[in-house]
>>> print(open('structure23.cif').read())   # mmCIF, C-alpha atoms
data_run
loop_
_atom_site.label_atom_id
_atom_site.label_comp_id
_atom_site.auth_asym_id
_atom_site.auth_seq_id
_atom_site.Cartn_x
_atom_site.Cartn_y
_atom_site.Cartn_z
CA MET A 1 -5.31 -24.62 -11.01
CA SER A 2 -5.37 -21.41 -13.00
CA ARG A 3 -3.82 -19.73 -16.02
CA GLU A 4 -1.13 -18.30 -13.74
CA THR A 5 -0.08 -21.70 -12.39
CA ALA A 6 -0.35 -23.64 -15.65
CA LEU A 7 0.91 -21.35 -18.41
CA VAL A 8 4.03 -19.34 -19.08
CA THR A 9 4.58 -16.79 -21.84
CA ALA A 10 7.34 -16.77 -24.44
CA ASP A 11 8.81 -13.70 -22.71
CA TRP A 12 8.91 -15.59 -19.41
CA VAL A 13 10.72 -18.49 -21.07
CA GLU A 14 13.28 -16.13 -22.61
CA ASP A 15 13.89 -14.62 -19.17
CA HIS A 16 14.44 -18.07 -17.59
CA LEU A 17 16.51 -19.82 -20.26
CA ASN A 18 19.47 -20.19 -17.90
CA ASP A 19 17.62 -21.30 -14.76
CA ASP A 20 18.93 -24.71 -13.67
CA ASN A 21 15.71 -25.91 -12.07
CA ILE A 22 13.58 -25.15 -15.12
CA VAL A 23 13.57 -27.81 -17.82
CA LEU A 24 12.20 -26.96 -21.24
CA ILE A 25 10.92 -30.03 -23.08
CA GLU A 26 9.78 -30.05 -26.70
CA VAL A 27 7.23 -32.67 -27.71
CA ASP A 28 6.01 -32.76 -31.31
CA GLU A 29 3.90 -34.90 -33.50
CA ASP A 30 6.62 -34.32 -36.10
CA VAL A 31 9.40 -35.94 -34.10
CA GLU A 32 12.07 -34.36 -36.32
CA ALA A 33 10.97 -30.79 -35.62
CA TYR A 34 13.28 -30.51 -32.60
CA ASP A 35 16.29 -31.56 -34.65
CA LYS A 36 15.71 -28.74 -37.15
CA GLY A 37 15.84 -26.15 -34.36
CA HIS A 38 14.50 -25.74 -30.84
CA ILE A 39 14.41 -23.24 -27.98
CA PRO A 40 17.92 -22.93 -26.50
CA GLY A 41 18.42 -25.40 -23.66
CA ALA A 42 15.34 -27.47 -24.49
CA ILE A 43 15.48 -31.26 -24.48
CA LYS A 44 13.28 -33.51 -26.60
CA LEU A 45 10.75 -36.19 -25.80
CA ASP A 46 9.50 -38.37 -28.64
CA TRP A 47 5.80 -38.90 -27.92
CA LYS A 48 5.84 -42.24 -29.69
CA LYS A 49 9.26 -43.77 -28.98
CA ASP A 50 9.66 -42.38 -25.45
CA LEU A 51 6.09 -42.23 -24.19
CA GLN A 52 4.31 -45.22 -25.81
CA ASP A 53 4.78 -48.78 -24.61
CA GLY A 54 5.63 -50.09 -28.07
CA VAL A 55 4.04 -53.50 -27.52
CA ARG A 56 0.84 -52.82 -25.60
CA HIS A 57 -1.45 -50.11 -27.01
CA ASP A 58 -0.77 -47.88 -24.01
CA PHE A 59 1.73 -45.40 -22.72
CA VAL A 60 4.82 -46.43 -20.77
CA SER A 61 4.76 -47.69 -17.21
CA LYS A 62 5.80 -45.78 -14.11
CA GLU A 63 9.15 -47.60 -14.08
CA ARG A 64 9.94 -46.78 -17.70
CA LEU A 65 8.99 -43.14 -17.16
CA GLU A 66 11.35 -43.01 -14.17
CA GLN A 67 14.14 -44.44 -16.28
CA LEU A 68 13.40 -42.02 -19.13
CA LEU A 69 13.31 -38.85 -17.01
CA SER A 70 16.38 -39.93 -15.04
CA GLU A 71 18.34 -40.39 -18.27
CA LYS A 72 17.11 -37.05 -19.58
CA GLY A 73 18.28 -35.30 -16.43
CA VAL A 74 14.90 -34.25 -15.06
CA SER A 75 14.55 -34.01 -11.26
CA ASN A 76 11.42 -34.34 -9.18
CA ASP A 77 11.61 -30.74 -8.02
CA ASP A 78 12.33 -29.24 -11.45
CA THR A 79 9.73 -27.03 -13.08
CA VAL A 80 9.01 -28.71 -16.41
CA VAL A 81 7.86 -26.41 -19.22
CA PHE A 82 6.43 -28.25 -22.20
CA TYR A 83 6.04 -26.78 -25.65
CA GLY A 84 5.59 -28.18 -29.13
CA GLY A 85 4.14 -27.88 -32.59
CA ASN A 86 0.53 -28.45 -33.63
CA ASN A 87 -0.64 -25.77 -31.20
CA ASN A 88 0.83 -27.70 -28.27
CA TRP A 89 -1.32 -30.83 -28.84
CA PHE A 90 1.46 -33.26 -27.96
CA ALA A 91 2.97 -30.91 -25.39
CA ALA A 92 -0.41 -30.85 -23.62
CA TYR A 93 -0.50 -34.64 -23.91
CA ALA A 94 2.93 -34.87 -22.24
CA TYR A 95 1.82 -32.40 -19.55
CA TRP A 96 -1.27 -34.54 -18.85
CA TYR A 97 0.87 -37.62 -18.88
CA LEU A 98 3.39 -36.27 -16.33
CA LYS A 99 0.50 -35.06 -14.21
CA PHE A 100 -0.86 -38.62 -14.35
CA TYR A 101 2.44 -39.78 -12.87
CA GLY A 102 2.44 -37.03 -10.24
CA HIS A 103 5.02 -34.46 -11.34
CA GLN A 104 4.40 -31.33 -9.24
CA ASN A 105 5.65 -28.33 -11.17
CA LEU A 106 4.36 -28.39 -14.73
CA ARG A 107 3.79 -25.56 -17.19
CA LEU A 108 2.87 -25.18 -20.84
CA LEU A 109 4.41 -22.45 -23.01
CA ASP A 110 1.43 -20.46 -24.27
CA GLY A 111 1.40 -20.66 -28.07
CA GLY A 112 4.06 -23.35 -28.17
CA ARG A 113 6.53 -23.64 -30.96
CA LYS A 114 4.37 -21.77 -33.47
CA LYS A 115 4.12 -18.58 -31.41
CA TRP A 116 7.87 -18.75 -30.77
CA GLU A 117 8.56 -19.07 -34.51
CA LEU A 118 6.04 -16.43 -35.58
CA ASP A 119 7.70 -14.03 -33.13
CA SER A 120 11.05 -14.82 -34.84
CA ARG A 121 12.59 -15.81 -31.49
CA GLU A 122 15.88 -17.71 -31.28
CA LEU A 123 16.05 -21.38 -32.23
CA THR A 124 19.18 -23.51 -32.02
CA ASP A 125 20.26 -26.98 -33.15
CA GLU A 126 22.58 -27.33 -30.16
CA VAL A 127 21.52 -30.26 -27.98
CA PRO A 128 22.10 -29.59 -24.28
CA SER A 129 23.54 -32.23 -21.98
CA ARG A 130 21.96 -32.64 -18.57
CA ALA A 131 23.46 -34.79 -15.84
CA ALA A 132 21.45 -37.93 -15.11
CA THR A 133 19.16 -37.88 -12.08
CA THR A 134 17.19 -40.37 -10.04
CA TYR A 135 13.60 -39.56 -10.88
CA THR A 136 10.78 -41.07 -8.83
CA ALA A 137 7.28 -41.07 -10.33
CA GLN A 138 4.13 -41.27 -8.21
CA GLU A 139 1.40 -43.87 -8.50
CA PRO A 140 -0.94 -43.09 -11.44
CA ASN A 141 -3.54 -40.40 -10.80
CA GLU A 142 -6.57 -42.15 -12.31
CA ASP A 143 -8.73 -39.09 -11.55
CA ILE A 144 -7.62 -37.53 -14.83
CA ARG A 145 -7.77 -40.57 -17.15
CA ALA A 146 -10.95 -42.15 -18.52
CA TYR A 147 -11.23 -45.68 -19.89
CA ARG A 148 -13.71 -47.11 -22.36
CA ASP A 149 -16.17 -48.66 -19.88
CA GLU A 150 -16.50 -45.38 -18.02
CA VAL A 151 -17.05 -43.58 -21.32
CA VAL A 152 -19.87 -45.93 -22.32
CA GLU A 153 -21.45 -45.38 -18.89
CA ALA A 154 -21.07 -41.63 -19.30
CA ILE A 155 -23.44 -41.54 -22.29
CA GLY A 156 -26.36 -39.35 -21.26
CA THR A 157 -25.04 -38.85 -17.71
CA LYS A 158 -21.71 -36.99 -17.82
CA ASN A 159 -20.41 -34.17 -20.00
CA LEU A 160 -18.82 -35.79 -23.03
CA ILE A 161 -16.83 -33.40 -25.17
CA ASP A 162 -15.66 -34.44 -28.60
CA VAL A 163 -12.90 -32.00 -29.50
CA ARG A 164 -12.31 -33.15 -33.08
CA SER A 165 -13.22 -31.09 -36.13
CA PRO A 166 -16.92 -31.00 -37.15
CA ASP A 167 -16.25 -33.30 -40.12
CA GLU A 168 -14.64 -35.93 -37.90
CA PHE A 169 -17.47 -35.58 -35.34
CA ALA A 170 -20.09 -36.13 -38.03
CA GLY A 171 -18.22 -39.10 -39.50
CA ARG A 172 -17.32 -37.44 -42.80
CA LEU A 173 -13.58 -37.70 -42.00
CA LEU A 174 -11.80 -40.38 -39.96
CA ALA A 175 -8.67 -38.37 -39.12
CA PRO A 176 -7.38 -34.80 -39.27
CA ALA A 177 -6.86 -33.70 -42.84
CA HIS A 178 -3.09 -33.87 -42.68
CA LEU A 179 -2.92 -37.33 -41.05
CA PRO A 180 -4.57 -40.04 -43.13
CA GLN A 181 -3.60 -42.86 -40.74
CA GLU A 182 -4.50 -44.34 -37.34
CA ALA A 183 -8.18 -44.23 -38.12
CA ALA A 184 -10.99 -46.07 -36.36
CA GLN A 185 -13.03 -48.73 -38.15
CA ILE A 186 -16.03 -46.44 -38.48
CA GLY A 187 -16.78 -42.71 -38.39
CA GLY A 188 -19.04 -40.81 -36.00
CA HIS A 189 -19.05 -39.91 -32.31
CA ILE A 190 -20.13 -41.08 -28.85
CA PRO A 191 -23.86 -40.37 -28.47
CA THR A 192 -24.71 -37.25 -26.41
CA ALA A 193 -21.21 -35.80 -26.87
CA GLY A 194 -21.04 -32.12 -27.63
CA ASN A 195 -18.66 -31.05 -30.38
CA VAL A 196 -16.32 -28.29 -29.23
CA PRO A 197 -13.31 -28.46 -31.54
CA TRP A 198 -10.09 -27.96 -29.57
CA SER A 199 -9.20 -25.12 -31.97
CA LYS A 200 -11.97 -22.92 -30.60
CA ALA A 201 -9.96 -22.69 -27.39
CA ALA A 202 -6.95 -21.24 -29.20
CA ASN A 203 -6.12 -18.12 -31.14
CA ASP A 204 -4.63 -18.41 -34.64
CA ASP A 205 -1.12 -18.05 -33.16
CA GLY A 206 -1.69 -21.02 -30.87
CA THR A 207 -2.11 -19.09 -27.60
CA PHE A 208 -5.11 -19.89 -25.44
CA ARG A 209 -8.12 -17.58 -25.51
CA LYS A 210 -9.05 -15.46 -22.50
CA ASP A 211 -10.68 -17.14 -19.49
CA GLU A 212 -14.07 -15.46 -20.09
CA GLU A 213 -14.07 -16.59 -23.74
CA LEU A 214 -13.17 -20.12 -22.71
CA GLN A 215 -15.86 -20.24 -20.03
CA SER A 216 -18.59 -19.14 -22.44
CA LEU A 217 -17.30 -21.50 -25.15
CA TYR A 218 -18.03 -24.54 -23.00
CA SER A 219 -21.13 -23.24 -21.24
CA ASP A 220 -22.65 -22.33 -24.63
CA ALA A 221 -21.97 -25.91 -25.72
CA GLY A 222 -23.98 -27.16 -22.73
CA LEU A 223 -21.19 -28.18 -20.38
CA ASP A 224 -22.81 -28.62 -16.97
CA GLN A 225 -20.29 -27.76 -14.25
CA GLY A 226 -22.29 -29.87 -11.82
CA LYS A 227 -21.31 -33.00 -13.73
CA ASP A 228 -18.03 -34.77 -14.36
CA THR A 229 -16.48 -34.22 -17.77
CA ILE A 230 -14.68 -36.50 -20.21
CA ALA A 231 -12.88 -35.09 -23.24
CA TYR A 232 -11.86 -37.21 -26.21
CA CYS A 233 -10.58 -36.85 -29.77
CA ARG A 234 -8.96 -39.44 -32.03
CA ILE A 235 -5.85 -40.59 -30.12
CA GLY A 236 -6.01 -38.41 -27.00
CA GLU A 237 -3.65 -35.57 -27.81
CA ARG A 238 -6.11 -32.89 -28.91
CA SER A 239 -8.32 -33.82 -25.97
CA SER A 240 -5.30 -33.29 -23.69
CA HIS A 241 -5.36 -29.72 -25.01
CA THR A 242 -9.03 -29.37 -23.99
CA TRP A 243 -8.43 -31.22 -20.70
CA PHE A 244 -5.70 -28.63 -20.07
CA VAL A 245 -8.12 -25.77 -20.73
CA LEU A 246 -10.88 -27.14 -18.49
CA SER A 247 -8.78 -28.56 -15.67
CA GLU A 248 -5.61 -26.47 -15.61
CA ILE A 249 -6.64 -23.03 -16.92
CA LEU A 250 -10.27 -22.82 -15.80
CA GLY A 251 -9.80 -25.06 -12.76
CA TYR A 252 -12.94 -27.15 -13.31
CA PRO A 253 -13.03 -30.23 -11.06
CA ASN A 254 -13.38 -33.82 -12.26
CA VAL A 255 -12.20 -33.52 -15.84
CA LYS A 256 -10.76 -36.63 -17.48
CA ASN A 257 -9.02 -37.26 -20.76
CA TYR A 258 -10.12 -40.40 -22.62
CA ASP A 259 -6.84 -41.14 -24.39
CA GLY A 260 -8.22 -44.25 -26.09
CA SER A 261 -10.47 -41.76 -27.87
CA TRP A 262 -12.17 -42.39 -31.19
CA SER A 263 -9.45 -44.68 -32.55
CA GLU A 264 -10.46 -47.09 -29.76
CA TYR A 265 -14.16 -46.32 -29.39
CA GLY A 266 -14.84 -46.34 -33.14
CA SER A 267 -13.34 -49.84 -33.35
CA LEU A 268 -15.29 -51.40 -30.42
CA ARG A 269 -17.99 -53.97 -31.05
CA GLY A 270 -21.43 -53.37 -29.61
CA VAL A 271 -21.18 -49.79 -28.37
CA PRO A 272 -23.63 -47.04 -29.38
CA VAL A 273 -22.48 -44.61 -32.08
CA ALA A 274 -24.04 -41.45 -33.49
CA VAL A 275 -23.35 -39.96 -36.91
CA GLY A 276 -24.11 -36.50 -38.28
CA ASP A 277 -23.79 -33.07 -36.75
CA GLU A 278 -26.15 -33.57 -33.78
CA PRO A 279 -25.07 -35.12 -30.44
CA GLY A 280 -27.63 -37.93 -30.72
CA GLU A 281 -29.72 -39.71 -28.09
CA ALA A 282 -28.56 -41.79 -25.13
CA MET B 1 12.53 -32.53 -66.49
CA CYS B 2 9.55 -34.56 -67.56
CA GLY B 3 6.89 -34.73 -64.84
CA ALA B 4 8.59 -32.17 -62.60
CA ILE B 5 6.36 -31.11 -59.73
CA LYS B 6 5.69 -27.45 -59.41
CA GLY B 7 4.05 -26.14 -56.26
CA GLY B 8 3.35 -28.83 -53.65
CA PRO B 9 5.55 -31.72 -52.55
CA SER B 10 6.10 -34.81 -54.67
CA LEU B 11 3.13 -37.18 -54.81
CA GLU B 12 5.27 -40.25 -55.28
CA GLY B 13 3.78 -43.06 -53.21
CA VAL B 14 0.47 -41.27 -52.59
CA ASP B 15 -2.74 -42.97 -53.73
CA VAL B 16 -4.26 -39.84 -55.22
CA ALA B 17 -7.26 -41.71 -56.68
CA ASN B 18 -8.74 -42.12 -53.19
CA GLN B 19 -7.76 -38.75 -51.75
CA ALA B 20 -8.81 -35.15 -52.19
CA VAL B 21 -5.40 -33.52 -51.98
CA ILE B 22 -4.77 -29.84 -51.38
CA GLN B 23 -1.16 -28.78 -51.54
CA GLY B 24 1.12 -26.01 -52.59
CA VAL B 25 3.89 -23.64 -51.69
CA VAL B 26 4.20 -20.42 -49.68
CA LEU B 27 6.28 -17.73 -51.36
CA ARG B 28 7.63 -14.34 -50.35
CA GLY B 29 8.36 -12.87 -53.78
CA GLU B 30 10.25 -15.67 -55.53
CA GLN B 31 11.51 -17.19 -52.27
CA PRO B 32 9.86 -20.20 -50.63
CA VAL B 33 8.95 -19.59 -46.96
CA GLY B 34 10.03 -22.51 -44.79
CA ASN B 35 8.74 -21.30 -41.43
CA ALA B 36 5.11 -20.54 -42.28
CA TYR B 37 2.01 -22.25 -40.92
CA VAL B 38 -0.89 -23.18 -43.19
CA ARG B 39 -4.29 -23.82 -41.62
CA LEU B 40 -7.11 -25.63 -43.41
CA LEU B 41 -10.55 -24.20 -42.59
CA ASP B 42 -13.76 -25.92 -43.66
CA ARG B 43 -16.73 -24.40 -45.52
CA ASN B 44 -17.93 -22.84 -42.25
CA GLY B 45 -14.54 -21.33 -41.46
CA GLU B 46 -13.91 -24.04 -38.84
CA PHE B 47 -10.32 -25.17 -38.23
CA THR B 48 -9.67 -28.64 -39.65
CA ALA B 49 -5.89 -28.99 -39.76
CA GLU B 50 -2.64 -27.09 -39.76
CA VAL B 51 0.85 -27.89 -41.02
CA PRO B 52 4.17 -26.07 -40.91
CA THR B 53 5.72 -25.58 -44.33
CA SER B 54 8.76 -27.66 -45.28
CA ALA B 55 12.19 -26.11 -45.77
CA THR B 56 11.15 -25.57 -49.39
CA GLY B 57 7.93 -23.79 -48.39
CA GLN B 58 5.64 -26.70 -49.28
CA PHE B 59 2.55 -28.08 -47.58
CA ARG B 60 -0.11 -30.76 -48.19
CA PHE B 61 -3.50 -31.78 -46.82
CA PHE B 62 -5.64 -34.84 -47.36
CA ALA B 63 -9.04 -33.18 -47.32
CA ALA B 64 -12.57 -34.21 -48.25
CA PRO B 65 -14.23 -33.02 -51.48
CA GLY B 66 -15.63 -29.50 -51.15
CA ASN B 67 -14.76 -25.87 -50.51
CA TRP B 68 -11.93 -25.01 -48.17
CA THR B 69 -9.96 -21.98 -47.04
CA LEU B 70 -6.21 -22.00 -46.52
CA ARG B 71 -5.06 -19.50 -43.88
CA THR B 72 -1.34 -18.80 -43.95
CA LEU B 73 0.60 -17.32 -41.02
CA ALA B 74 4.27 -16.41 -41.32
CA PRO B 75 6.73 -14.27 -39.37
CA ARG B 76 6.61 -10.59 -40.33
CA ALA B 77 3.64 -11.08 -42.66
CA GLU B 78 -0.08 -10.39 -42.71
CA VAL B 79 -2.42 -13.38 -42.53
CA VAL B 80 -3.38 -14.56 -46.04
CA ASP B 81 -6.61 -16.46 -46.81
CA SER B 82 -6.89 -18.47 -50.06
CA GLN B 83 -10.01 -20.26 -51.31
CA VAL B 84 -9.63 -23.74 -52.78
CA VAL B 85 -11.92 -26.51 -54.03
CA ALA B 86 -10.90 -30.13 -53.40
CA ALA B 87 -12.19 -33.14 -55.34
CA LYS B 88 -11.59 -36.85 -54.87
CA GLY B 89 -8.91 -38.16 -57.18
CA SER B 90 -7.42 -34.78 -57.90
CA VAL B 91 -4.71 -32.52 -56.52
CA ALA B 92 -5.58 -28.87 -55.92
CA GLU B 93 -2.38 -26.84 -56.21
CA VAL B 94 -2.22 -23.48 -54.43
CA ALA B 95 0.56 -20.91 -54.48
CA VAL B 96 0.29 -18.57 -51.49
CA ALA B 97 2.03 -15.20 -51.77
CA ILE B 98 2.81 -13.41 -48.51
#
>>> encode(input="structure23.cif", output="C-alpha cells")
Amino acid sequence: MSRETALVTADWVEDHLNDDNIVLIEVDEDVEAYDKGHIPGAIKLDWKKDLQDGVRHDFVSKERLEQLLSEKGVSNDDTVVFYGGNNNWFAAYAYWYLKFYGHQNLRLLDGGRKKWELDSRELTDEVPSRAATTYTAQEPNEDIRAYRDEVVEAIGTKNLIDVRSPDEFAGRLLAPAHLPQEAAQIGGHIPTAGNVPWSKAANDDGTFRKDEELQSLYSDAGLDQGKDTIAYCRIGERSSHTWFVLSEILGYPNVKNYDGSWSEYGSLRGVPVAVGDEPGEA
Amino acid sequence: MCGAIKGGPSLEGVDVANQAVIQGVVLRGEQPVGNAYVRLLDRNGEFTAEVPTSATGQFRFFAAPGNWTLRTLAPRAEVVDSQVVAAKGSVAEVAVAI
C-alpha cells in the first residue's frame, strides 16, 4: 500500500463526481452532518446504526454488511471513497472495517469533510438514489484486527501505540474533550505503549503529513519496524486513522487496530495499567 | 430575556459543577460563522479535540482545569489562536473574531 493507492485529493474527487463505479461515502461521528450538506453524489453510512451490532458490543456481521451495502447500491468492484468529519476518524474506521471484510478498491479523501469545507467546495442536501446490488463480503481479515488477549500479550513485546491525546494517555482525561461519554472505568494506558497522538499525523486542515514526516514521527517514538504493531485509542476510530497511516500510507506490514481500545481495556479486571506520561514497565 | 445565553450554546441539562466547560461563538464582524472548525490545544500546544461550529457559530468543549488554546479555522480566513483558562464548575466563554 502507498499514499497513491490509499488516498485521493479533493481535486480528484471533483473530477470524478460523475463516475458510476466510484462511490463516495460520508461517515461522521456527528451522524446528522451529512443531512446538513454533503459532497454531491455521496451516500451516508451511520457508524453506529449501520456499522454496530446494536446488541453485542461489536460491529455488524458479514451477512449484515452484505445486506447494508446491497441496499446502499455498492458493488464489489466499485471504488469506495470514504470521507467524513473529525479529520476522517470515522471514515478511516469505515475504511478499516471494509478492508476487514475484504473490499478491494478503497480510498480515503485526504482532509475529509473539513478540507472540503475550508476550500469552500460544493455541498448539497440532495440525496442520490443508487440501484440495489448484490454485494458479497469476504471472510474477515483478522490480520488487521487485534483483540484484548493479544494486546495483553503484546505488552513489552510488540509495538503498542496509544494514539489518544497526552491527557487521556496519562489518565487525566477519560475521553476527548468534546465527548464526555463512553468512558472506561479507569484512566491510564497499556504499559509500554508509546503515545503518538493521531493528530500528529495530520495537518491542521485534516490532510495527512508527508511520508518522510510520518516515518520520523513513529521512528522517533520508538516504533520498531521489525516488530508487529497494534494501535489503539478509546473506541477504535482514532486508531483506525493511525492504522491507516502505518498500513495504508507507509505500507508497514503487520499493523493491527485494537478497536476494543481503552473503553474495553480500561474496564477489564486484572490487567496491567500504567498512569502518567511515561510508557511504564512490562 | 432573563438568563439569556450570550456566546456559547445553552447549558440546559449540563452538569456544570463537575465539568470545566469552554465554549463560545465564532464571529465574522457581527455575523456568526457556521462552517468554522475550533481546535482545543493543551498547555503544550498538543491537539486535544476539535468541533465544527453550529449553524449559529457556537462551539463547546468539556476540558480539564488549566490553560488551553483555541485554534479557529474557517473558509477564507486566517487561523486565529485564543488563550483560555478552564476551571472545574465554571464556564469559560470565548468570542472568536475572524
>>> residues_near_point(input="structure23.cif", point="(-12.1, -50.2, -25.6)", cutoff="6 Å", atoms="all atoms listed in the file", output="PyMOL selection string")
chain A and resi 148+264-265+268
>>> write_last_selection(input="structure23.cif", atoms="C-alpha atoms", output="PDB file, in the frame of the given file")
ATOM      1  CA  ARG A 148     -13.710 -47.110 -22.360  1.00  0.00           C
ATOM      2  CA  GLU A 264     -10.460 -47.090 -29.760  1.00  0.00           C
ATOM      3  CA  TYR A 265     -14.160 -46.320 -29.390  1.00  0.00           C
ATOM      4  CA  LEU A 268     -15.290 -51.400 -30.420  1.00  0.00           C
TER       5      LEU A 268
END
>>> interface_residues(input="structure23.cif", of="chain B", to="chain A", cutoff="8 Å", atoms="all atoms listed in the file", output="VMD selection string")
chain B and resid 35 to 37 46 to 51 60 to 64 73 to 76
>>> resolve_selection(input="structure23.cif", expression="the PyMOL selection byres ((chain B and resi 71) around 8)", output="ChimeraX atom specification")
/B:38-41,69-70,72-73,79-82
>>> write_last_selection(input="structure23.cif", atoms="C-alpha atoms", output="PDB file, keeping the file's coordinate frame")
ATOM      1  CA  VAL B  38      -0.890 -23.180 -43.190  1.00  0.00           C
ATOM      2  CA  ARG B  39      -4.290 -23.820 -41.620  1.00  0.00           C
ATOM      3  CA  LEU B  40      -7.110 -25.630 -43.410  1.00  0.00           C
ATOM      4  CA  LEU B  41     -10.550 -24.200 -42.590  1.00  0.00           C
ATOM      5  CA  THR B  69      -9.960 -21.980 -47.040  1.00  0.00           C
ATOM      6  CA  LEU B  70      -6.210 -22.000 -46.520  1.00  0.00           C
ATOM      7  CA  THR B  72      -1.340 -18.800 -43.950  1.00  0.00           C
ATOM      8  CA  LEU B  73       0.600 -17.320 -41.020  1.00  0.00           C
ATOM      9  CA  VAL B  79      -2.420 -13.380 -42.530  1.00  0.00           C
ATOM     10  CA  VAL B  80      -3.380 -14.560 -46.040  1.00  0.00           C
ATOM     11  CA  ASP B  81      -6.610 -16.460 -46.810  1.00  0.00           C
ATOM     12  CA  SER B  82      -6.890 -18.470 -50.060  1.00  0.00           C
TER      13      SER B  82
END
>>> atom_distance(input="structure23.cif", atom1="atom CA of Asn105 of chain A", atom2="atom CA of Ile25 of chain A")
13.1 Å
>>> resolve_selection(input="structure23.cif", expression="the PyMOL selection byres ((chain B and resi 97) around 6)", output="number ranges by chain")
B: 27-28, 96, 98
>>> atom_distance(input="structure23.cif", atom1="atom CA of Gln52 of chain A", atom2="atom CA of Ser2 of chain A")
28.7 Å
>>> closest_residue(input="structure23.cif", among="A:Leu69, A:Ala154, A:Ala146, A:Ala137", to="Asp50 of chain A", atoms="only C-alpha atoms")
A:Leu69
>>> residues_around(input="structure23.cif", residues="Val16 of chain B", least_positions_apart="3", cutoff="9 Å", atoms="all atoms listed in the file", output="VMD selection string")
chain B and resid 11 13 19 to 21 88 to 91
>>> resolve_selection(input="structure23.cif", expression="the PyMOL selection byres ((chain B and resi 57) around 8)", output="VMD selection string")
chain B and resid 25 to 27 32 to 36 53 to 56 58 to 59
>>> atom_distance(input="structure23.cif", atom1="atom CA of Ala183 of chain A", atom2="atom CA of Asp15 of chain B")
16.6 Å
>>> closest_residue(input="structure23.cif", among="B:Gly66, B:Gly24, B:Asn44, B:Gly29", to="Glu93 of chain B", atoms="only C-alpha atoms")
B:Gly24
>>> residues_near_point(input="structure23.cif", point="(-10.2, -26.9, -13.5)", cutoff="12 Å", atoms="all atoms listed in the file", output="PyMOL selection string")
chain A and resi 1-3+5-6+144+211+214-215+225+228-229+242-256
>>> residues_around(input="structure23.cif", residues="Ser75 of chain A", least_positions_apart="2", cutoff="12 Å", atoms="all atoms listed in the file", output="PyMOL selection string")
chain A and resi 20-23+66-73+77-80+103-105+130-137
>>> residues_around(input="structure23.cif", residues="Asp277 of chain A", least_positions_apart="3", cutoff="12 Å", atoms="only C-alpha atoms", output="ChimeraX atom specification")
/A:162,165-172,188-196,274,280
>>> residues_around(input="structure23.cif", residues="Val84 of chain B", least_positions_apart="4", cutoff="8 Å", atoms="all atoms listed in the file", output="PyMOL selection string")
chain B and resi 22+67-70+92+94
>>> residues_around(input="structure23.cif", residues="Tyr83 of chain A", least_positions_apart="3", cutoff="8 Å", atoms="only C-alpha atoms", output="ChimeraX atom specification")
/A:24-27,88,91-92,108-110,112-113
